[in-house]
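File shown: query_29.cif. Contents: mmCIF, C-alpha atoms and all ligand atoms.
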```cif
data_protein
#
loop_
_atom_site.label_atom_id
_atom_site.label_comp_id
_atom_site.auth_asym_id
_atom_site.auth_seq_id
_atom_site.Cartn_x
_atom_site.Cartn_y
_atom_site.Cartn_z
CA MET A 1 0.00 0.00 0.00
CA SER A 2 2.90 2.39 0.68
CA GLY A 3 3.73 2.56 -3.04
CA MET A 4 0.23 3.71 -3.92
CA PHE A 5 0.20 6.43 -1.29
CA GLY A 6 3.78 7.58 -1.92
CA ASP A 7 6.76 7.31 0.41
CA ALA A 8 7.64 10.97 1.00
CA ARG A 9 9.39 11.81 4.25
CA VAL A 10 7.85 14.17 6.78
CA HIS A 11 8.81 17.87 6.60
CA PRO A 12 6.59 19.20 9.39
CA LYS A 13 7.98 22.74 9.56
CA HIS A 14 6.71 23.85 6.16
CA LYS A 15 4.84 27.12 6.77
CA SER A 16 2.36 26.74 3.93
CA VAL A 17 0.61 24.00 5.93
CA GLU A 18 -0.71 26.57 8.42
CA TRP A 19 -4.18 26.89 6.91
CA TYR A 20 -7.06 25.55 8.95
CA THR A 21 -10.49 24.07 8.35
CA PRO A 22 -13.39 26.55 8.68
CA ALA A 23 -16.12 25.82 11.27
CA TRP A 24 -18.92 25.53 8.70
CA ILE A 25 -17.53 22.19 7.52
CA PHE A 26 -17.87 20.66 10.99
CA ALA A 27 -21.35 22.18 11.42
CA ALA A 28 -22.42 20.66 8.09
CA LEU A 29 -20.96 17.24 8.97
CA GLY A 30 -22.71 17.25 12.36
CA LEU A 31 -19.89 15.15 13.83
CA THR A 32 -17.34 15.44 16.58
CA PHE A 33 -14.05 13.57 16.52
CA ASP A 34 -11.93 11.64 19.01
CA MET A 35 -8.71 13.00 17.63
CA ASP A 36 -6.98 15.35 15.22
CA PRO A 37 -3.45 14.02 14.64
CA CYS A 38 -2.22 17.21 12.94
CA SER A 39 -3.30 20.34 14.72
CA PRO A 40 -1.70 23.82 14.99
CA HIS A 41 0.68 24.18 17.94
CA ASP A 42 0.18 27.90 18.51
CA MET A 43 -3.58 28.46 18.23
CA GLU A 44 -6.86 26.67 18.82
CA SER A 45 -8.33 25.24 15.61
CA MET A 46 -12.05 24.89 14.88
CA VAL A 47 -11.73 21.11 14.85
CA PRO A 48 -14.16 19.53 17.36
CA ALA A 49 -11.74 16.83 18.52
CA ALA A 50 -11.05 15.58 22.05
CA ILE A 51 -7.33 14.93 21.46
CA LYS A 52 -5.17 17.13 19.25
CA TYR A 53 -1.58 16.35 18.35
CA THR A 54 0.75 19.01 17.01
CA VAL A 55 4.03 18.96 15.13
CA PHE A 56 5.78 18.69 18.50
CA ASP A 57 3.93 15.44 19.27
CA ASP A 58 4.31 14.16 15.69
CA GLY A 59 0.84 12.79 15.06
CA LEU A 60 2.20 10.18 12.66
CA LYS A 61 4.12 8.48 15.47
CA ARG A 62 1.12 8.41 17.84
CA HIS A 63 -1.51 5.77 18.33
CA TRP A 64 -4.68 6.71 16.45
CA ALA A 65 -7.95 5.85 18.22
CA GLY A 66 -11.62 6.39 17.45
CA ARG A 67 -13.04 8.80 14.92
CA VAL A 68 -10.22 10.83 13.38
CA TRP A 69 -10.35 14.21 11.64
CA LEU A 70 -7.51 14.59 9.15
CA ASN A 71 -6.59 17.75 7.28
CA PRO A 72 -2.94 16.85 6.78
CA PRO A 73 0.10 19.01 6.06
CA TYR A 74 0.05 19.67 2.32
CA GLY A 75 2.84 18.86 -0.07
CA PRO A 76 5.00 15.75 -0.22
CA ASP A 77 3.68 14.52 3.15
CA THR A 78 0.04 14.21 2.14
CA GLY A 79 0.24 10.63 0.89
CA VAL A 80 1.84 9.40 4.11
CA TRP A 81 -0.97 10.86 6.22
CA VAL A 82 -3.72 9.63 3.91
CA LYS A 83 -2.20 6.15 3.95
CA ARG A 84 -2.30 6.17 7.75
CA MET A 85 -5.97 7.16 7.63
CA ALA A 86 -6.74 4.42 5.11
CA GLU A 87 -5.18 1.92 7.51
CA HIS A 88 -7.12 3.36 10.47
CA ARG A 89 -10.44 3.29 8.55
CA CYS A 90 -12.46 5.47 10.93
CA GLY A 91 -12.79 9.17 10.21
CA ILE A 92 -12.78 11.87 7.57
CA ALA A 93 -9.85 13.24 5.57
CA LEU A 94 -9.97 16.64 3.88
CA VAL A 95 -7.46 17.00 1.06
CA PHE A 96 -6.80 18.93 -2.12
CA SER A 97 -8.70 17.43 -5.02
CA ARG A 98 -5.58 16.17 -6.81
CA THR A 99 -7.36 13.43 -8.68
CA ASP A 100 -4.22 12.47 -10.63
CA ALA A 101 -2.01 11.92 -7.55
CA SER A 102 -1.27 8.32 -6.62
CA TRP A 103 -2.30 8.96 -2.98
CA PHE A 104 -5.62 10.41 -4.15
CA GLN A 105 -6.33 7.40 -6.36
CA ALA A 106 -5.39 5.07 -3.50
CA ALA A 107 -7.82 6.94 -1.23
CA MET A 108 -10.55 6.57 -3.87
CA ARG A 109 -9.95 2.81 -3.75
CA SER A 110 -9.86 2.64 0.05
CA ALA A 111 -12.51 5.09 1.35
CA ASP A 112 -16.20 4.30 1.83
CA ALA A 113 -17.32 7.63 0.38
CA VAL A 114 -16.01 10.86 -1.11
CA CYS A 115 -17.40 14.37 -1.47
CA PHE A 116 -16.00 16.82 -4.02
CA LEU A 117 -16.88 20.34 -2.82
CA ALA A 118 -18.01 22.94 -5.33
CA GLY A 119 -15.84 26.07 -5.64
CA ARG A 120 -12.86 26.89 -3.44
CA VAL A 121 -12.91 26.63 0.34
CA GLU A 122 -11.66 29.65 2.24
CA PHE A 123 -9.32 28.21 4.86
CA ILE A 124 -8.42 30.00 8.11
CA PRO A 125 -4.87 31.39 8.11
CA GLY A 126 -2.44 30.52 10.88
CA HIS A 127 -0.32 33.25 12.49
CA GLU A 128 2.36 33.16 9.80
CA ASN A 129 -0.25 33.51 7.06
CA LYS A 130 -2.62 35.93 8.76
CA HIS A 131 -2.05 38.77 6.28
CA LYS A 132 -2.53 36.44 3.31
CA LYS A 133 -5.78 35.66 1.62
CA SER A 134 -6.69 31.98 1.33
CA ARG A 135 -5.65 31.21 -2.25
CA CYS A 136 -6.33 27.55 -2.61
CA GLY A 137 -4.63 26.13 -5.69
CA ALA A 138 -7.16 23.33 -6.06
CA GLY A 139 -10.62 22.21 -5.07
CA THR A 140 -11.31 20.24 -1.90
CA ALA A 141 -12.29 16.60 -1.54
CA LEU A 142 -13.27 14.79 1.65
CA PHE A 143 -12.96 11.03 2.10
CA SER A 144 -14.80 9.09 4.77
CA TRP A 145 -14.28 5.70 6.37
CA GLY A 146 -16.90 4.10 8.64
CA PHE A 147 -20.70 4.28 8.78
CA ASP A 148 -21.06 7.46 10.91
CA CYS A 149 -18.57 9.34 8.80
CA VAL A 150 -20.26 8.31 5.58
CA GLN A 151 -23.56 9.58 7.01
CA GLY A 152 -21.90 12.84 8.06
CA LEU A 153 -20.24 13.33 4.70
CA ARG A 154 -23.54 12.70 2.94
CA LYS A 155 -24.81 15.90 4.60
CA LEU A 156 -22.13 17.87 2.74
CA GLY A 157 -23.52 16.55 -0.54
CA ASP A 158 -25.52 19.71 -1.20
CA ARG A 159 -22.21 21.63 -1.20
CA GLY A 160 -20.80 19.53 -4.01
CA VAL A 161 -20.96 15.94 -5.25
CA PHE A 162 -21.20 13.04 -2.78
CA LEU A 163 -20.38 9.51 -3.93
CA GLU A 164 -20.64 6.36 -1.86
CA MET A 165 -18.24 3.69 -3.08
CA PRO A 166 -19.67 0.34 -4.13
CA LYS A 167 -19.13 -2.35 -1.47
CA GLY A 168 -16.66 -5.09 -2.28
CA ARG A 169 -14.90 -3.18 -5.04
CA ALA A 170 -11.29 -3.99 -5.87
C1 LIG B 201 -3.48 21.91 7.03
S1 LIG B 201 -3.21 22.19 8.75
C2 LIG B 201 -4.74 21.56 9.41
C3 LIG B 201 -4.95 21.84 10.85
C4 LIG B 201 -6.21 21.24 11.46
N1 LIG B 201 -6.13 19.79 11.42
C5 LIG B 201 -7.46 21.68 10.75
O1 LIG B 201 -8.14 20.86 10.13
O2 LIG B 201 -7.78 22.88 10.82
C6 LIG B 201 -2.04 20.91 9.13
C7 LIG B 201 -1.43 21.06 10.52
O3 LIG B 201 -0.58 19.95 10.78
C8 LIG B 201 0.48 20.39 11.60
N2 LIG B 201 1.57 19.40 11.48
C9 LIG B 201 2.56 19.35 10.57
N3 LIG B 201 3.33 18.25 10.76
C10 LIG B 201 2.79 17.60 11.82
C11 LIG B 201 3.13 16.42 12.52
N4 LIG B 201 4.18 15.66 12.14
N5 LIG B 201 2.36 16.04 13.58
C12 LIG B 201 1.30 16.80 13.95
N6 LIG B 201 0.93 17.94 13.34
C13 LIG B 201 1.66 18.34 12.28
C14 LIG B 201 0.83 21.75 11.06
O4 LIG B 201 1.55 22.52 12.00
C15 LIG B 201 -0.58 22.31 10.75
O5 LIG B 201 -1.08 23.05 11.84
#
```
Can you present the structure in this file as structure tokens?
Amino acid sequence: MSGMFGDARVHPKHKSVEWYTPAWIFAALGLTFDMDPCSPHDMESMVPAAIKYTVFDDGLKRHWAGRVWLNPPYGPDTGVWVKRMAEHRCGIALVFSRTDASWFQAAMRSADAVCFLAGRVEFIPGHENKHKKSRCGAGTALFSWGFDCVQGLRKLGDRGVFLEMPKGRA
């Protein structure tokens, strides 16, 4: 599976990753989460998660438990995080809609459902980006694993296109 998701090493200090999920996405999903393995270290995010790991904890090295919210660091690390989520199989991952990337195609094969949002999401800037406007270079897709998360993601369907994957597909 690692080949499909890519084998990039972790570069957690990259500043461009400090863009955060807006609250309306969680309100629309109607879900709370047990953990967020990649959370900002210097401000409170909007993520409704009981446990939040930051770059100083290294969320990739931690045990993942329960329903996970994943909006991973962008760039070469994305595939590593999405692979971990695909192995965990309980939660929702928000990623750039890079449909040609090997990690994206692997997530399409692994997830129970996907939602492609219409338009561009305005993400919340972290401190280092606070004077910048959210200029997302791609659309947003969310993948879900597990019954509750599929039901939650279905509620985002009116903001884009929701697809539930056929059971037992290869
Ligand atoms: C795209 S932001 C998303 C933040 C939050 N999860 C959200 O949805 O709003 C990714 C976050 O992961 C953090 N991060 C980067 N590498 C990490 C690591 N190895 N372990 C935990 N967090 C990390 C970054 O500092 C950044 O705050």
- Identify which of the residues A:Gly91, A:Gly30, A:Gly126, A:Pro166 lies closest to ligand LIG 201 (chain B), counting only C-alpha atoms and all ligand atoms when measuring atom-to-atom distances. A:Gly126
- Message: Can you work out which residues are within 9 Å of ligand LIG 201 (chain B), considering all atoms listed in the file, and then hand them over as a VMD selection string?
- Response: chain A and resid 10 to 23 36 to 47 52 to 62 69 to 74 77 94 to 95 123 to 124 126
Which polymer residues have any atom within 6 Å of an atom of region 142-156 of chain A, counting only C-alpha atoms, with same-chain residues fewer than 6 positions away left out, as a PDB file with C-alpha atoms, keeping the file's coordinate frame?
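Ended up saving to selection.pdb:
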```
ATOM      1  CA  LEU A  29     -20.960  17.240   8.970  1.00  0.00           C
ATOM      2  CA  ARG A  89     -10.440   3.290   8.550  1.00  0.00           C
ATOM      3  CA  CYS A  90     -12.460   5.470  10.930  1.00  0.00           C
ATOM      4  CA  GLY A  91     -12.790   9.170  10.210  1.00  0.00           C
ATOM      5  CA  ILE A  92     -12.780  11.870   7.570  1.00  0.00           C
ATOM      6  CA  ALA A  93      -9.850  13.240   5.570  1.00  0.00           C
ATOM      7  CA  LEU A  94      -9.970  16.640   3.880  1.00  0.00           C
ATOM      8  CA  ALA A 111     -12.510   5.090   1.350  1.00  0.00           C
ATOM      9  CA  ASP A 112     -16.200   4.300   1.830  1.00  0.00           C
ATOM     10  CA  ALA A 113     -17.320   7.630   0.380  1.00  0.00           C
ATOM     11  CA  VAL A 114     -16.010  10.860  -1.110  1.00  0.00           C
ATOM     12  CA  CYS A 115     -17.400  14.370  -1.470  1.00  0.00           C
TER      13      CYS A 115
END
```
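Put simply, CA of Leu117 (chain A) is 27.1 Å away from CA of Ala65 (chain A).
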- Got a sec: who's within 7 Å of Ala86 (chain A), counting all atoms listed in the file, leaving out chain neighbours fewer than 2 positions off, as a list in words? Val82, Lys83, Arg84, His88, Arg89, Ala107, Ser110 and Ala111 of chain A
- Within 7 Å of Ala50 (chain A) using all atoms listed in the file, minus same-chain residues under 2 positions, as a list in words: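 Non-adjacent residues within range: Phe33, Asp34, Met35, Pro48 and Lys52 of chain A.
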- Query: What is the distance, in Å and to one decimal place, between CA of Asp158 (chain A) and CA of Ala49 (chain A)?
  - Reply: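 Between these atoms lies a distance of 24.2 Å.
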- Query: What is the distance, in Å and to one decimal place, between CA of Ser102 (chain A) and CA of Gly79 (chain A)?
  - Reply: 8.0 Å
Your completed region 51-75 of chain A with N, CA and C atoms, as a PDB file, in the frame of the given file:
```pdb
ATOM      1  N   ILE A  51      -8.792  14.965  21.360  1.00  0.00           N
ATOM      2  CA  ILE A  51      -7.330  14.930  21.460  1.00  0.00           C
ATOM      3  C   ILE A  51      -6.750  15.568  20.209  1.00  0.00           C
ATOM      4  N   LYS A  52      -5.809  16.488  20.398  1.00  0.00           N
ATOM      5  CA  LYS A  52      -5.170  17.130  19.250  1.00  0.00           C
ATOM      6  C   LYS A  52      -3.665  17.000  19.384  1.00  0.00           C
ATOM      7  N   TYR A  53      -3.034  16.445  18.362  1.00  0.00           N
ATOM      8  CA  TYR A  53      -1.580  16.350  18.350  1.00  0.00           C
ATOM      9  C   TYR A  53      -1.007  17.403  17.417  1.00  0.00           C
ATOM     10  N   THR A  54       0.099  17.981  17.825  1.00  0.00           N
ATOM     11  CA  THR A  54       0.750  19.010  17.010  1.00  0.00           C
ATOM     12  C   THR A  54       2.065  18.463  16.458  1.00  0.00           C
ATOM     13  N   VAL A  55       2.739  19.329  15.715  1.00  0.00           N
ATOM     14  CA  VAL A  55       4.030  18.960  15.130  1.00  0.00           C
ATOM     15  C   VAL A  55       5.013  18.522  16.220  1.00  0.00           C
ATOM     16  N   PHE A  56       4.853  19.052  17.417  1.00  0.00           N
ATOM     17  CA  PHE A  56       5.780  18.690  18.500  1.00  0.00           C
ATOM     18  C   PHE A  56       5.508  17.288  19.044  1.00  0.00           C
ATOM     19  N   ASP A  57       4.263  16.815  18.855  1.00  0.00           N
ATOM     20  CA  ASP A  57       3.930  15.440  19.270  1.00  0.00           C
ATOM     21  C   ASP A  57       4.248  14.450  18.151  1.00  0.00           C
ATOM     22  N   ASP A  58       4.274  14.937  16.921  1.00  0.00           N
ATOM     23  CA  ASP A  58       4.310  14.160  15.690  1.00  0.00           C
ATOM     24  C   ASP A  58       3.169  13.141  15.650  1.00  0.00           C
ATOM     25  N   GLY A  59       2.046  13.615  15.127  1.00  0.00           N
ATOM     26  CA  GLY A  59       0.840  12.790  15.060  1.00  0.00           C
ATOM     27  C   GLY A  59       0.999  11.501  14.283  1.00  0.00           C
ATOM     28  N   LEU A  60       1.994  11.420  13.427  1.00  0.00           N
ATOM     29  CA  LEU A  60       2.200  10.180  12.660  1.00  0.00           C
ATOM     30  C   LEU A  60       2.775   9.079  13.550  1.00  0.00           C
ATOM     31  N   LYS A  61       3.479   9.483  14.594  1.00  0.00           N
ATOM     32  CA  LYS A  61       4.120   8.480  15.470  1.00  0.00           C
ATOM     33  C   LYS A  61       3.185   8.035  16.585  1.00  0.00           C
ATOM     34  N   ARG A  62       2.040   8.707  16.740  1.00  0.00           N
ATOM     35  CA  ARG A  62       1.120   8.410  17.840  1.00  0.00           C
ATOM     36  C   ARG A  62       0.141   7.305  17.479  1.00  0.00           C
ATOM     37  N   HIS A  63      -0.433   6.738  18.526  1.00  0.00           N
ATOM     38  CA  HIS A  63      -1.510   5.770  18.330  1.00  0.00           C
ATOM     39  C   HIS A  63      -2.770   6.532  17.915  1.00  0.00           C
ATOM     40  N   TRP A  64      -3.440   6.075  16.884  1.00  0.00           N
ATOM     41  CA  TRP A  64      -4.680   6.710  16.450  1.00  0.00           C
ATOM     42  C   TRP A  64      -5.849   5.878  16.985  1.00  0.00           C
ATOM     43  N   ALA A  65      -6.811   6.562  17.641  1.00  0.00           N
ATOM     44  CA  ALA A  65      -7.950   5.850  18.220  1.00  0.00           C
ATOM     45  C   ALA A  65      -9.243   6.576  17.904  1.00  0.00           C
ATOM     46  N   GLY A  66     -10.288   5.817  17.643  1.00  0.00           N
ATOM     47  CA  GLY A  66     -11.620   6.390  17.450  1.00  0.00           C
ATOM     48  C   GLY A  66     -11.755   7.124  16.129  1.00  0.00           C
ATOM     49  N   ARG A  67     -12.711   8.060  16.141  1.00  0.00           N
ATOM     50  CA  ARG A  67     -13.040   8.800  14.920  1.00  0.00           C
ATOM     51  C   ARG A  67     -12.032   9.932  14.741  1.00  0.00           C
ATOM     52  N   VAL A  68     -11.332   9.901  13.609  1.00  0.00           N
ATOM     53  CA  VAL A  68     -10.220  10.830  13.380  1.00  0.00           C
ATOM     54  C   VAL A  68     -10.608  11.885  12.335  1.00  0.00           C
ATOM     55  N   TRP A  69     -10.270  13.134  12.637  1.00  0.00           N
ATOM     56  CA  TRP A  69     -10.350  14.210  11.640  1.00  0.00           C
ATOM     57  C   TRP A  69      -8.954  14.435  11.086  1.00  0.00           C
ATOM     58  N   LEU A  70      -8.821  14.392   9.758  1.00  0.00           N
ATOM     59  CA  LEU A  70      -7.510  14.590   9.150  1.00  0.00           C
ATOM     60  C   LEU A  70      -7.561  15.657   8.066  1.00  0.00           C
ATOM     61  N   ASN A  71      -6.895  16.776   8.328  1.00  0.00           N
ATOM     62  CA  ASN A  71      -6.590  17.750   7.280  1.00  0.00           C
ATOM     63  C   ASN A  71      -5.074  17.859   7.340  1.00  0.00           C
ATOM     64  N   PRO A  72      -4.380  17.036   6.561  1.00  0.00           N
ATOM     65  CA  PRO A  72      -2.940  16.850   6.780  1.00  0.00           C
ATOM     66  C   PRO A  72      -2.102  18.000   6.242  1.00  0.00           C
ATOM     67  N   PRO A  73      -0.831  18.058   6.674  1.00  0.00           N
ATOM     68  CA  PRO A  73       0.100  19.010   6.060  1.00  0.00           C
ATOM     69  C   PRO A  73       0.133  18.757   4.546  1.00  0.00           C
ATOM     70  N   TYR A  74       0.067  19.826   3.777  1.00  0.00           N
ATOM     71  CA  TYR A  74       0.050  19.670   2.320  1.00  0.00           C
ATOM     72  C   TYR A  74       1.458  19.382   1.819  1.00  0.00           C
ATOM     73  N   GLY A  75       1.531  19.064   0.548  1.00  0.00           N
ATOM     74  CA  GLY A  75       2.840  18.860  -0.070  1.00  0.00           C
ATOM     75  C   GLY A  75       3.217  17.393  -0.079  1.00  0.00           C
TER      76      GLY A  75
END
```
